[in-house]
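Asks: File name final36.cif; file contents mmCIF, C-alpha atoms; full text below.
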```
data_data
#
loop_
_atom_site.label_atom_id
_atom_site.label_comp_id
_atom_site.auth_asym_id
_atom_site.auth_seq_id
_atom_site.Cartn_x
_atom_site.Cartn_y
_atom_site.Cartn_z
CA MET J 680 0.00 0.00 0.00
CA THR J 681 2.81 2.44 0.86
CA GLU J 682 4.48 1.44 -2.36
CA PHE J 683 1.32 2.31 -4.24
CA SER J 684 1.02 5.74 -2.63
CA ALA J 685 4.68 6.41 -3.40
CA ARG J 686 3.92 5.62 -7.02
CA LEU J 687 0.88 7.86 -6.92
CA GLN J 688 3.10 10.70 -5.71
CA SER J 689 5.58 10.31 -8.51
CA LEU J 690 2.82 9.90 -11.10
CA PHE J 691 2.89 13.44 -12.53
CA PRO J 692 6.69 13.69 -12.71
CA HIS J 693 6.66 10.34 -14.52
CA LEU J 694 3.95 11.41 -16.98
CA LEU J 695 5.71 14.74 -17.58
CA ALA J 696 8.88 12.96 -18.68
CA THR J 697 7.41 12.79 -22.21
CA PRO J 698 5.57 15.58 -24.09
CA ALA J 699 2.30 13.57 -24.09
CA LEU J 700 0.70 15.07 -20.95
CA SER J 701 1.59 18.69 -21.80
CA VAL J 702 0.31 18.31 -25.35
CA LEU J 703 -2.86 16.51 -24.15
CA LEU J 704 -3.68 19.26 -21.62
CA THR J 705 -3.03 21.95 -24.26
CA LEU J 706 -5.34 20.21 -26.78
CA ILE J 707 -8.14 19.78 -24.22
CA ALA J 708 -7.89 23.44 -23.18
CA TYR J 709 -7.85 24.48 -26.84
CA PHE J 710 -11.04 22.62 -27.75
CA ALA J 711 -12.79 23.70 -24.53
CA GLY J 712 -11.68 27.32 -25.12
CA VAL J 713 -13.00 27.37 -28.69
CA THR J 714 -16.34 25.85 -27.58
CA ILE J 715 -16.78 28.39 -24.76
CA PHE J 716 -15.81 31.22 -27.13
CA ARG J 717 -18.61 30.16 -29.52
CA LYS J 718 -21.09 29.89 -26.63
CA LEU J 719 -20.21 33.48 -25.64
CA ARG J 720 -21.11 34.54 -29.24
CA GLN J 721 -17.48 35.25 -30.23
CA PRO J 722 -16.81 38.54 -28.38
CA VAL J 723 -14.07 40.83 -29.79
CA TRP J 724 -12.79 41.65 -26.29
CA CYS J 725 -12.12 38.04 -25.37
CA PRO J 726 -10.33 36.03 -28.11
CA PRO J 727 -10.50 32.20 -27.92
CA VAL J 728 -6.80 31.91 -27.10
CA LEU J 729 -7.40 33.87 -23.87
CA VAL J 730 -10.23 31.54 -22.80
CA ALA J 731 -8.10 28.49 -23.60
CA ALA J 732 -5.03 29.88 -21.80
CA LEU J 733 -7.11 30.66 -18.68
CA LEU J 734 -8.45 27.09 -18.64
CA LEU J 735 -4.96 25.66 -19.11
CA ALA J 736 -3.45 27.84 -16.37
CA GLY J 737 -6.23 26.75 -14.00
CA THR J 738 -5.69 23.08 -14.84
CA LEU J 739 -1.92 23.31 -14.32
CA SER J 740 -2.26 24.91 -10.89
CA LEU J 741 -5.01 22.42 -9.89
CA LEU J 742 -2.73 19.50 -10.77
CA SER J 743 0.23 21.39 -9.24
CA ILE J 744 2.29 21.00 -12.40
CA SER J 745 4.97 23.69 -12.56
CA PHE J 746 5.01 25.95 -15.62
CA ASP J 747 8.60 24.93 -16.40
CA ASP J 748 7.68 21.23 -16.47
CA TYR J 749 4.68 21.99 -18.66
CA ARG J 750 6.69 24.13 -21.06
CA ARG J 751 9.37 21.48 -21.50
CA GLY J 752 6.71 19.05 -22.73
CA ALA J 753 4.94 21.64 -24.84
CA GLY J 754 8.17 22.44 -26.71
CA TRP J 755 6.95 19.91 -29.23
CA LEU J 756 4.09 22.30 -30.14
CA SER J 757 6.34 25.35 -30.10
CA PHE J 758 8.62 23.71 -32.65
CA LEU J 759 5.77 23.67 -35.17
CA LEU J 760 5.67 27.49 -34.96
CA GLY J 761 8.73 27.50 -37.26
CA PRO J 762 7.04 25.83 -40.26
CA ALA J 763 3.78 27.70 -39.44
CA THR J 764 5.63 31.02 -39.72
CA VAL J 765 7.01 29.97 -43.11
CA ALA J 766 3.42 29.04 -44.09
CA LEU J 767 2.35 32.70 -43.61
CA GLY J 768 4.23 33.40 -46.86
CA VAL J 769 1.39 31.76 -48.83
CA PRO J 770 -1.46 34.13 -47.78
CA LEU J 771 0.98 37.05 -48.01
CA TYR J 772 1.64 36.10 -51.64
CA GLN J 773 -2.07 35.52 -52.31
CA GLN J 774 -3.06 38.93 -50.88
CA PHE J 775 -0.24 40.71 -52.64
CA HIS J 776 -2.31 41.70 -55.71
CA HIS J 777 -4.35 44.03 -53.46
CA ILE J 778 -1.23 46.14 -53.13
CA ARG J 779 -1.58 47.22 -56.77
CA ALA J 780 -4.61 49.42 -56.12
CA LEU J 781 -2.89 51.44 -53.42
CA TRP J 782 0.78 50.56 -53.64
CA ARG J 783 2.17 54.07 -53.15
CA GLN J 784 0.04 54.73 -50.09
CA ILE J 785 0.76 51.29 -48.62
CA LEU J 786 4.49 51.69 -49.23
CA VAL J 787 4.47 54.94 -47.25
CA THR J 788 1.97 53.95 -44.55
CA VAL J 789 3.18 50.49 -43.49
CA PRO J 790 6.78 51.44 -42.60
CA LEU J 791 5.69 54.65 -40.85
CA ALA J 792 2.77 53.11 -38.97
CA ALA J 793 4.71 49.98 -37.97
CA THR J 794 7.58 52.11 -36.69
CA MET J 795 5.23 54.37 -34.73
CA ALA J 796 3.38 51.37 -33.24
CA ALA J 797 6.65 50.22 -31.66
CA ALA J 798 7.94 53.73 -30.91
CA TYR J 799 4.84 54.96 -29.03
CA ALA J 800 4.90 51.90 -26.78
CA LEU J 801 8.65 52.19 -26.15
CA VAL J 802 8.50 55.91 -25.34
CA ILE J 803 5.52 55.56 -22.99
CA ALA J 804 7.07 52.54 -21.21
CA TRP J 805 10.43 54.32 -20.96
CA ALA J 806 8.84 57.51 -19.56
CA LEU J 807 7.05 55.51 -16.87
CA GLY J 808 10.21 53.66 -15.84
CA GLY J 809 9.85 50.38 -17.74
CA SER J 810 12.94 48.14 -17.56
CA ASN J 811 14.90 47.06 -20.64
CA SER J 812 13.33 43.62 -20.41
CA VAL J 813 9.81 45.13 -20.35
CA MET J 814 10.59 47.36 -23.34
CA ALA J 815 12.03 44.48 -25.37
CA SER J 816 8.90 42.45 -24.57
CA LEU J 817 6.54 45.26 -25.65
CA ALA J 818 8.30 46.41 -28.83
CA PRO J 819 6.86 43.74 -31.23
CA LYS J 820 3.31 44.19 -29.83
CA SER J 821 1.65 44.91 -33.19
CA VAL J 822 3.19 41.92 -35.00
CA THR J 823 1.40 38.62 -35.56
CA ALA J 824 2.32 36.07 -32.86
CA PRO J 825 4.59 33.63 -34.77
CA ILE J 826 6.67 36.47 -36.25
CA ALA J 827 6.68 38.28 -32.88
CA ILE J 828 8.09 35.14 -31.21
CA GLY J 829 10.81 35.09 -33.88
CA ILE J 830 11.62 38.74 -33.11
CA ASN J 831 11.63 37.95 -29.40
CA GLN J 832 14.28 35.26 -29.96
CA GLN J 833 16.47 37.99 -31.45
CA ILE J 834 15.91 40.95 -29.12
CA GLY J 835 15.18 39.17 -25.84
CA GLY J 836 12.54 40.00 -23.24
CA SER J 837 9.80 37.75 -21.85
CA VAL J 838 7.83 35.62 -24.33
CA SER J 839 4.91 35.40 -21.92
CA LEU J 840 4.73 39.17 -21.39
CA LEU J 841 4.93 39.59 -25.17
CA MET J 842 2.03 37.16 -25.69
CA GLY J 843 -0.07 39.04 -23.14
CA SER J 844 0.85 42.32 -24.87
CA LEU J 845 -0.25 40.93 -28.24
CA LEU J 846 -3.66 40.00 -26.83
CA VAL J 847 -4.21 43.42 -25.24
CA THR J 848 -2.94 45.25 -28.36
CA GLY J 849 -5.16 43.23 -30.73
CA VAL J 850 -8.29 43.84 -28.66
CA VAL J 851 -7.57 47.55 -28.00
CA ALA J 852 -6.70 48.11 -31.69
CA SER J 853 -9.99 46.53 -32.84
CA LEU J 854 -12.01 48.71 -30.44
CA CYS J 855 -10.02 51.87 -31.33
CA VAL J 856 -10.46 51.37 -35.10
CA ASP J 857 -14.24 51.01 -34.67
CA LEU J 858 -14.36 54.16 -32.57
CA LEU J 859 -11.86 56.40 -34.38
CA SER J 860 -12.80 55.56 -37.99
CA ARG J 861 -16.36 56.70 -37.25
CA ARG J 862 -15.07 59.89 -35.58
CA LEU J 863 -12.80 60.65 -38.55
CA GLY J 864 -15.52 59.88 -41.08
CA ILE J 865 -13.58 57.04 -42.73
CA ASP J 866 -15.84 54.37 -44.26
CA ASP J 867 -13.53 52.93 -46.93
CA ASP J 868 -13.22 49.24 -46.08
CA ARG J 869 -9.73 49.11 -47.56
CA LEU J 870 -8.42 51.75 -45.15
CA ILE J 871 -10.21 50.26 -42.15
CA GLY J 872 -8.83 46.82 -43.05
CA LEU J 873 -5.28 48.08 -43.47
CA THR J 874 -5.41 49.90 -40.12
CA LEU J 875 -6.74 46.80 -38.35
CA GLY J 876 -4.00 44.58 -39.83
CA ILE J 877 -1.13 47.01 -39.23
CA ASN J 878 -2.04 47.66 -35.58
CA GLY J 879 -4.09 44.69 -34.45
CA HIS J 880 -2.34 41.72 -36.22
CA ALA J 881 -4.42 38.48 -36.27
CA ILE J 882 -7.05 39.68 -33.79
CA GLY J 883 -7.61 42.83 -35.88
CA THR J 884 -7.78 40.70 -39.04
CA VAL J 885 -10.52 38.52 -37.53
CA ARG J 886 -12.46 41.74 -36.80
CA ALA J 887 -11.80 42.97 -40.38
CA PHE J 888 -13.28 39.80 -41.89
CA GLU J 889 -16.42 40.45 -39.82
CA ILE J 890 -16.71 43.87 -41.52
CA SER J 891 -16.27 42.64 -45.13
CA PRO J 892 -14.08 40.35 -47.27
CA THR J 893 -12.37 43.44 -48.72
CA ALA J 894 -11.47 44.71 -45.25
CA GLY J 895 -10.23 41.21 -44.37
CA ALA J 896 -8.00 40.95 -47.43
CA PHE J 897 -6.44 44.37 -46.83
CA SER J 898 -6.03 43.55 -43.15
CA SER J 899 -4.17 40.32 -44.00
CA LEU J 900 -1.91 42.29 -46.29
CA GLY J 901 -1.30 44.98 -43.65
CA MET J 902 -0.56 42.31 -41.03
CA GLY J 903 1.91 40.46 -43.28
CA LEU J 904 3.78 43.57 -44.41
CA THR J 905 3.96 44.96 -40.86
CA GLY J 906 5.31 41.60 -39.64
CA VAL J 907 8.03 41.44 -42.27
CA PHE J 908 9.00 45.11 -41.92
CA THR J 909 9.17 44.93 -38.11
CA ALA J 910 11.04 41.61 -38.13
CA VAL J 911 13.72 43.05 -40.40
CA LEU J 912 14.10 46.45 -38.76
CA LEU J 913 13.31 46.08 -35.05
CA PRO J 914 16.37 43.97 -34.14
CA PHE J 915 18.63 46.55 -35.78
CA ALA J 916 16.79 49.41 -34.10
CA MET J 917 17.04 47.73 -30.69
CA GLN J 918 20.76 47.13 -31.17
CA LEU J 919 21.09 50.78 -32.06
CA LEU J 920 19.20 51.79 -28.93
CA ALA J 921 21.44 49.39 -27.01
CA LEU J 922 18.31 48.02 -25.36
CA THR J 923 18.94 44.38 -26.12
CA ALA J 924 17.96 42.64 -22.90
CA THR J 925 19.64 39.34 -22.32
CA MET Q 317 0.24 12.55 -48.82
CA PRO Q 318 -0.17 16.13 -50.17
CA LEU Q 319 -0.04 17.32 -46.54
CA LEU Q 320 3.34 15.70 -46.00
CA ARG Q 321 4.70 16.96 -49.31
CA GLY Q 322 3.61 20.49 -48.41
CA PHE Q 323 5.19 20.10 -44.97
CA LEU Q 324 8.41 19.02 -46.64
CA THR Q 325 8.44 22.23 -48.71
CA LEU Q 326 7.79 24.38 -45.64
CA LEU Q 327 10.56 22.64 -43.67
CA LEU Q 328 12.91 23.10 -46.60
CA PHE Q 329 12.25 26.85 -46.64
CA LEU Q 330 12.60 26.95 -42.83
CA ILE Q 331 16.04 25.35 -43.05
CA LEU Q 332 17.01 27.59 -45.97
CA GLY Q 333 15.95 30.62 -43.94
CA GLU Q 334 17.88 29.40 -40.90
CA LEU Q 335 20.93 28.76 -43.10
CA LEU Q 336 20.81 32.22 -44.67
CA ARG Q 337 20.20 33.87 -41.29
CA TYR Q 338 23.11 32.05 -39.67
CA LEU Q 339 25.60 32.55 -42.49
CA CYS Q 340 24.76 36.26 -42.95
CA ASN Q 341 24.50 36.80 -39.19
CA TRP Q 342 21.06 38.42 -39.62
CA PRO Q 343 19.08 39.25 -36.49
CA VAL Q 344 15.90 37.75 -38.06
CA SER Q 345 14.48 34.39 -36.94
CA GLY Q 346 14.80 31.41 -39.30
CA GLY Q 347 11.00 31.20 -39.60
CA VAL Q 348 10.67 34.82 -40.74
CA ALA Q 349 13.59 34.48 -43.19
CA GLY Q 350 11.97 31.28 -44.53
CA MET Q 351 8.63 33.05 -44.93
CA MET Q 352 10.26 35.84 -46.94
CA LEU Q 353 12.09 33.31 -49.12
CA LEU Q 354 8.83 31.41 -49.73
CA THR Q 355 6.96 34.62 -50.68
CA LEU Q 356 9.78 35.55 -53.04
CA TRP Q 357 9.79 32.07 -54.56
CA LEU Q 358 6.01 32.16 -55.10
CA MET Q 359 6.31 35.57 -56.78
CA ILE Q 360 9.00 34.27 -59.11
CA THR Q 361 7.12 31.09 -60.06
CA GLY Q 362 3.77 32.95 -60.02
CA ASP Q 363 1.82 29.98 -58.66
CA VAL Q 364 1.22 28.14 -55.36
CA ARG Q 365 1.25 24.35 -55.61
CA ASP Q 366 -1.89 22.77 -54.11
CA ASP Q 367 0.02 20.74 -51.50
CA VAL Q 368 1.84 23.83 -50.20
CA ALA Q 369 -1.37 25.90 -50.12
CA GLN Q 370 -3.22 23.10 -48.29
CA THR Q 371 -0.55 22.46 -45.67
CA SER Q 372 -0.09 26.18 -45.05
CA GLN Q 373 -3.80 26.65 -44.48
CA HIS Q 374 -3.83 23.74 -41.99
CA LEU Q 375 -0.81 25.00 -40.07
CA ILE Q 376 -2.13 28.56 -39.96
CA SER Q 377 -5.48 27.36 -38.58
CA LEU Q 378 -3.45 25.64 -35.82
CA LEU Q 379 -1.61 28.83 -34.84
CA ILE Q 380 -3.78 29.49 -31.77
CA LEU Q 381 -2.87 26.05 -30.44
CA LEU Q 382 0.82 26.56 -31.19
CA ILE Q 383 1.12 29.89 -29.34
CA MET Q 384 -0.76 28.63 -26.25
CA PRO Q 385 2.37 27.51 -24.33
CA GLY Q 386 3.60 31.11 -24.59
CA VAL Q 387 0.25 32.70 -23.75
CA VAL Q 388 -0.37 30.56 -20.66
CA GLY Q 389 2.94 31.82 -19.26
CA VAL Q 390 1.24 35.20 -18.67
CA PHE Q 391 -0.42 33.63 -15.62
CA PHE Q 392 2.90 32.37 -14.24
CA LEU Q 393 4.91 35.58 -14.47
CA GLY Q 394 4.75 35.90 -10.67
CA ASN Q 395 6.38 39.04 -9.32
CA GLN Q 396 8.86 39.31 -12.19
CA PHE Q 397 7.40 42.63 -13.38
CA ASP Q 398 6.14 44.08 -10.09
CA GLY Q 399 6.15 47.87 -10.08
CA GLN Q 400 6.11 47.95 -13.91
CA TRP Q 401 2.48 47.15 -14.58
CA LEU Q 402 1.48 50.81 -14.92
CA ALA Q 403 4.19 51.36 -17.55
CA ILE Q 404 3.11 48.16 -19.35
CA ALA Q 405 -0.62 48.98 -19.32
CA ALA Q 406 -0.09 52.62 -20.38
CA ALA Q 407 2.28 51.61 -23.19
CA LEU Q 408 -0.15 49.01 -24.53
CA VAL Q 409 -3.42 50.96 -24.30
CA GLY Q 410 -2.05 54.48 -24.93
CA GLY Q 411 0.48 53.32 -27.53
CA THR Q 412 -2.14 51.35 -29.46
CA LEU Q 413 -4.66 54.20 -29.38
CA LEU Q 414 -2.00 56.60 -30.72
CA SER Q 415 -0.76 54.21 -33.41
CA VAL Q 416 -4.31 53.50 -34.66
CA LEU Q 417 -4.97 57.26 -34.79
CA THR Q 418 -1.68 57.85 -36.66
CA THR Q 419 -2.43 55.10 -39.21
CA LEU Q 420 -5.97 56.34 -39.87
CA LEU Q 421 -4.86 59.97 -40.28
CA LEU Q 422 -2.01 58.94 -42.59
CA LEU Q 423 -4.29 56.85 -44.78
CA LYS Q 424 -6.99 59.52 -44.81
CA ALA Q 425 -4.45 62.10 -45.96
CA LEU Q 426 -2.91 59.82 -48.61
CA VAL Q 427 -5.89 57.98 -50.11
CA PRO Q 428 -8.62 59.78 -52.03
CA GLN Q 429 -11.85 58.83 -50.28
CA LYS Q 430 -14.04 56.32 -52.01
CA PRO Q 431 -17.42 54.93 -51.03
CA ALA Q 432 -17.42 51.65 -49.09
CA GLU Q 433 -17.99 49.48 -52.18
CA VAL Q 434 -14.80 48.80 -54.09
CA PRO Q 435 -15.22 48.07 -57.81
CA HIS Q 436 -14.13 44.59 -58.78
CA ASP Q 437 -11.63 44.16 -61.56
#
```
Mind converting the file's structure to structure tokens?
Replies:
Amino acid sequence: MTEFSARLQSLFPHLLATPALSVLLTLIAYFAGVTIFRKLRQPVWCPPVLVAALLLAGTLSLLSISFDDYRRGAGWLSFLLGPATVALGVPLYQQFHHIRALWRQILVTVPLAATMAAAYALVIAWALGGSNSVMASLAPKSVTAPIAIGINQQIGGSVSLLMGSLLVTGVVASLCVDLLSRRLGIDDDRLIGLTLGINGHAIGTVRAFEISPTAGAFSSLGMGLTGVFTAVLLPFAMQLLALTAT
Amino acid sequence: MPLLRGFLTLLLFLILGELLRYLCNWPVSGGVAGMMLLTLWLMITGDVRDDVAQTSQHLISLLILLIMPGVVGVFFLGNQFDGQWLAIAAALVGGTLLSVLTTLLLLKALVPQKPAEVPHD
């Protein structure tokens, strides 16, 4: 009997020795999160990944599995982010013909807007005493998650804080675009879509597809171009600012 | 089988990107370099093969699942960023509001206004 209880105690460490348990828990939380999201009628302010992550965090602390143990197992999922990032090249190529209609404006707007998206956050965080690690984590906040994780590998900072920042940015950007475009009298779906994609990455793009297919296409394009531009320039800019947090 | 063939192509571009990044000492991740190479390749050939398009679509629809290990870490940050939450919140909310405003004003100034319906070509 004592032998059995000893085994019971070492059950989770044993199961966590392979990725199976981490991946299983992630999958369960994912499906539960998506189901709950649909039941809540797909609110903009609460994306499915947030619901799923909350469920997963709750499960981990209930089973007293440490985050480090979980993450070691889940590395198997994180690896697939590499090929998934490469896969983003296909929709980027497919949306590219939309650039023809407005190529001059897009060529000016994307670099400026993507730079300002990072610069505003960095200046505000710096003025309020944010550490180098916080600033490195916030800088790629308007970039779609897989590319942002790639940038994070280069400039440092906390992946988890970055992921939280992406969620907040996507939601706030979607709400701001709704509010400000009406105030400014902008009702061109192409402009609204571009703004959503440039500032609100994938969460903004989901919102854009709710508005119209045109807005969605331009949002995808804005998201892809912002991701590429930021990925190429931000690491250099951060080196220049000597902010690279290790 | 098309799924695996598409996956093979994506992995090939991932490795190519990693190779280029490492040899040129670029501060860009292998995935991003691979994505740019793939886009360039598709523009040159002017066509996406069905297997690549299919696999990409599948992987992209899995993205939420793939970023979850990172997202769940938000709840385990502990006291790592104590005293910085005001700076973080202000940078995210204020910074995003300002950048959305900047983008909209820029586009409004640059693009001649058109009605909501865009003519199809």
Asks: Return the single residue from J:Gln774, J:Thr874, J:Thr681, J:Ser821 that is closest to Ala798 of chain J, with distances computed using only C-alpha atoms.
Replies: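 Smallest separation from Ala798 of chain J among the options: J:Ser821.
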Asks: With all atoms listed in the file considered, list every residue of chain J at most 6 Å from chain Q, as a ChimeraX atom specification.
Replies: /J:732,736,756-757,761-766,768,772,792,796,799-800,803-804,807,809,829,833,839-840,842,866-868,914
Asks: I'd like the residues picked by the PyMOL selection byres ((chain J and resi 771) around 9) written out as number ranges by chain, using the chain letters and numbers from the file.
Replies: J: 767-770, 772-775, 899-900, 902-904; Q: 355
Asks: When distances are computed from all atoms listed in the file, which of J:Ala887, J:Ala696, J:Ile834, J:Leu801 shows the smallest separation from Ser853 of chain J?
Replies: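 Selected residue with least distance to Ser853 of chain J: J:Ala887.
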Asks: Could you please give me, as a VMD selection string, the residues of protein, DNA or RNA lying at most 12 Å from (15.2, 40.3, -24.2) in the coordinate frame of the file, considering only C-alpha atoms?
Replies: chain J and resid 810 to 819 828 to 841 914 917 to 918 921 to 925
Asks: Skipping near chain neighbours, those fewer than 4 positions away, what residues fall within 12 Å of segment 685-690 of chain J using only C-alpha atoms, listed as a list in words?
Replies: Met680, Thr681, Leu694, Leu695, Ala696, Leu700, Leu742, Ser743 and Ile744 of chain J
Asks: Between atom CA of Ala793 of chain J and atom CA of Thr848 of chain J, what is the spacing in Å?
Replies: 13.2 Å
Asks: Suppose you want the space between atom CA of Gly895 of chain J and atom CA of Gly876 of chain J; what is it in Å?
Replies: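 Atom CA of Gly876 of chain J lies 8.4 Å from atom CA of Gly895 of chain J.
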Asks: Hey, what's within 10 Å of Gly879 of chain J if we count only C-alpha atoms and toss same-chain stuff fewer than 5 positions away? As a PyMOL selection string, please?
Replies: (chain J and resi 820-823+845-856+873-874+884-887+898+901-902) or (chain Q and resi 412+416)
Asks: Write the residues you've just listed into a file as a short mmCIF file (atom, residue, chain, number, x, y, z; two decimals), keeping the file's coordinate frame, and include C-alpha atoms for each of them.
Replies:
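Okay, out_7.cif is ready:
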```cif
data_model
loop_
_atom_site.label_atom_id
_atom_site.label_comp_id
_atom_site.auth_asym_id
_atom_site.auth_seq_id
_atom_site.Cartn_x
_atom_site.Cartn_y
_atom_site.Cartn_z
CA LYS J 820 3.31 44.19 -29.83
CA SER J 821 1.65 44.91 -33.19
CA VAL J 822 3.19 41.92 -35.00
CA THR J 823 1.40 38.62 -35.56
CA LEU J 845 -0.25 40.93 -28.24
CA LEU J 846 -3.66 40.00 -26.83
CA VAL J 847 -4.21 43.42 -25.24
CA THR J 848 -2.94 45.25 -28.36
CA GLY J 849 -5.16 43.23 -30.73
CA VAL J 850 -8.29 43.84 -28.66
CA VAL J 851 -7.57 47.55 -28.00
CA ALA J 852 -6.70 48.11 -31.69
CA SER J 853 -9.99 46.53 -32.84
CA LEU J 854 -12.01 48.71 -30.44
CA CYS J 855 -10.02 51.87 -31.33
CA VAL J 856 -10.46 51.37 -35.10
CA LEU J 873 -5.28 48.08 -43.47
CA THR J 874 -5.41 49.90 -40.12
CA THR J 884 -7.78 40.70 -39.04
CA VAL J 885 -10.52 38.52 -37.53
CA ARG J 886 -12.46 41.74 -36.80
CA ALA J 887 -11.80 42.97 -40.38
CA SER J 898 -6.03 43.55 -43.15
CA GLY J 901 -1.30 44.98 -43.65
CA MET J 902 -0.56 42.31 -41.03
CA THR Q 412 -2.14 51.35 -29.46
CA VAL Q 416 -4.31 53.50 -34.66
#
```
Asks: Could you state the separation of atom CA of Thr738 of chain J and atom CA of Lys718 of chain J in Å, given to one decimal place?
Replies: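 Atom CA of Lys718 of chain J lies 20.6 Å from atom CA of Thr738 of chain J.
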Asks: Grab all the atoms of segment 901-907 of chain J that the file lists, wrap them in a box along x, y and z, add 4 Å per side, and give me centre plus edge lengths in Å (one decimal) as JSON.
Replies:
```
{"center_x": 3.4, "center_y": 42.7, "center_z": -42.0, "size_x": 17.3, "size_y": 12.5, "size_z": 12.8}
```
